[in-house]
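Let me begin by presenting the structure, written as structure tokens, before commenting on it.
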Amino acid sequence: MISIELDDRTATELQDAAKALGMSVEAFVRLRVLGKPSVGAKSEPNDFDFEAEFDALAISAPPLPTDFSREHIYPDDY
């Protein structure tokens with residue numbers, strides 16, 4: 001087991017965020033840090049779960065060109 005020291009404000013914010021999601025602080029931190037719930041965690045989806053899963057699908061890609069338009073997707077030769 002590891003212990004982490006936090007200032008009171010951060011600890012309170014973590015407790016409040018976990019409580020708002022119906023989770024323990026440990027489960028909340030595990031989900032935020034590892035991106036997966038702890039064993040036996042509440043399985044009812046919530047906005048946080050959706051955001052975490054959506055973020056996990058994100059890929060790093062170069063930005064689109066500034067002149068990106070419909071023609072880049074649908075060339076005239078169709």
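Residue names in the structure tokens use chain letters A, B, ... in the order shown, residue numbers from 1 in each chain, and ligand numbers from 1 in the order shown.
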Subject >> Exercise: stretch 48-61 of chain A partners within 8 Å, only C-alpha atoms, chain neighbours under 5 positions left out, as a PyMOL selection string >> reply: chain A and resi 21+32+35
**OP:** Grab the atom CA of A:Thr10 to atom CA of A:Ser24 distance for me, in Å with one decimal place.
**Re:**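 Interatomic distance here is 15.1 Å.
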**OP:** Please provide as a VMD selection string all residues within 12 Å of A:Ile4, with the sequence filter that same-chain residues fewer than 4 positions apart are discarded (counting only C-alpha atoms).
**Re:** chain A and resid 10 to 11 26 29
**OP:** Would you list, as a ChimeraX atom specification, the residues of chain A that end up in alpha helix (DSSP H) under DSSP run on this structure's backbone?
**Re:** /A:8-20,25-34,47-57,70-73
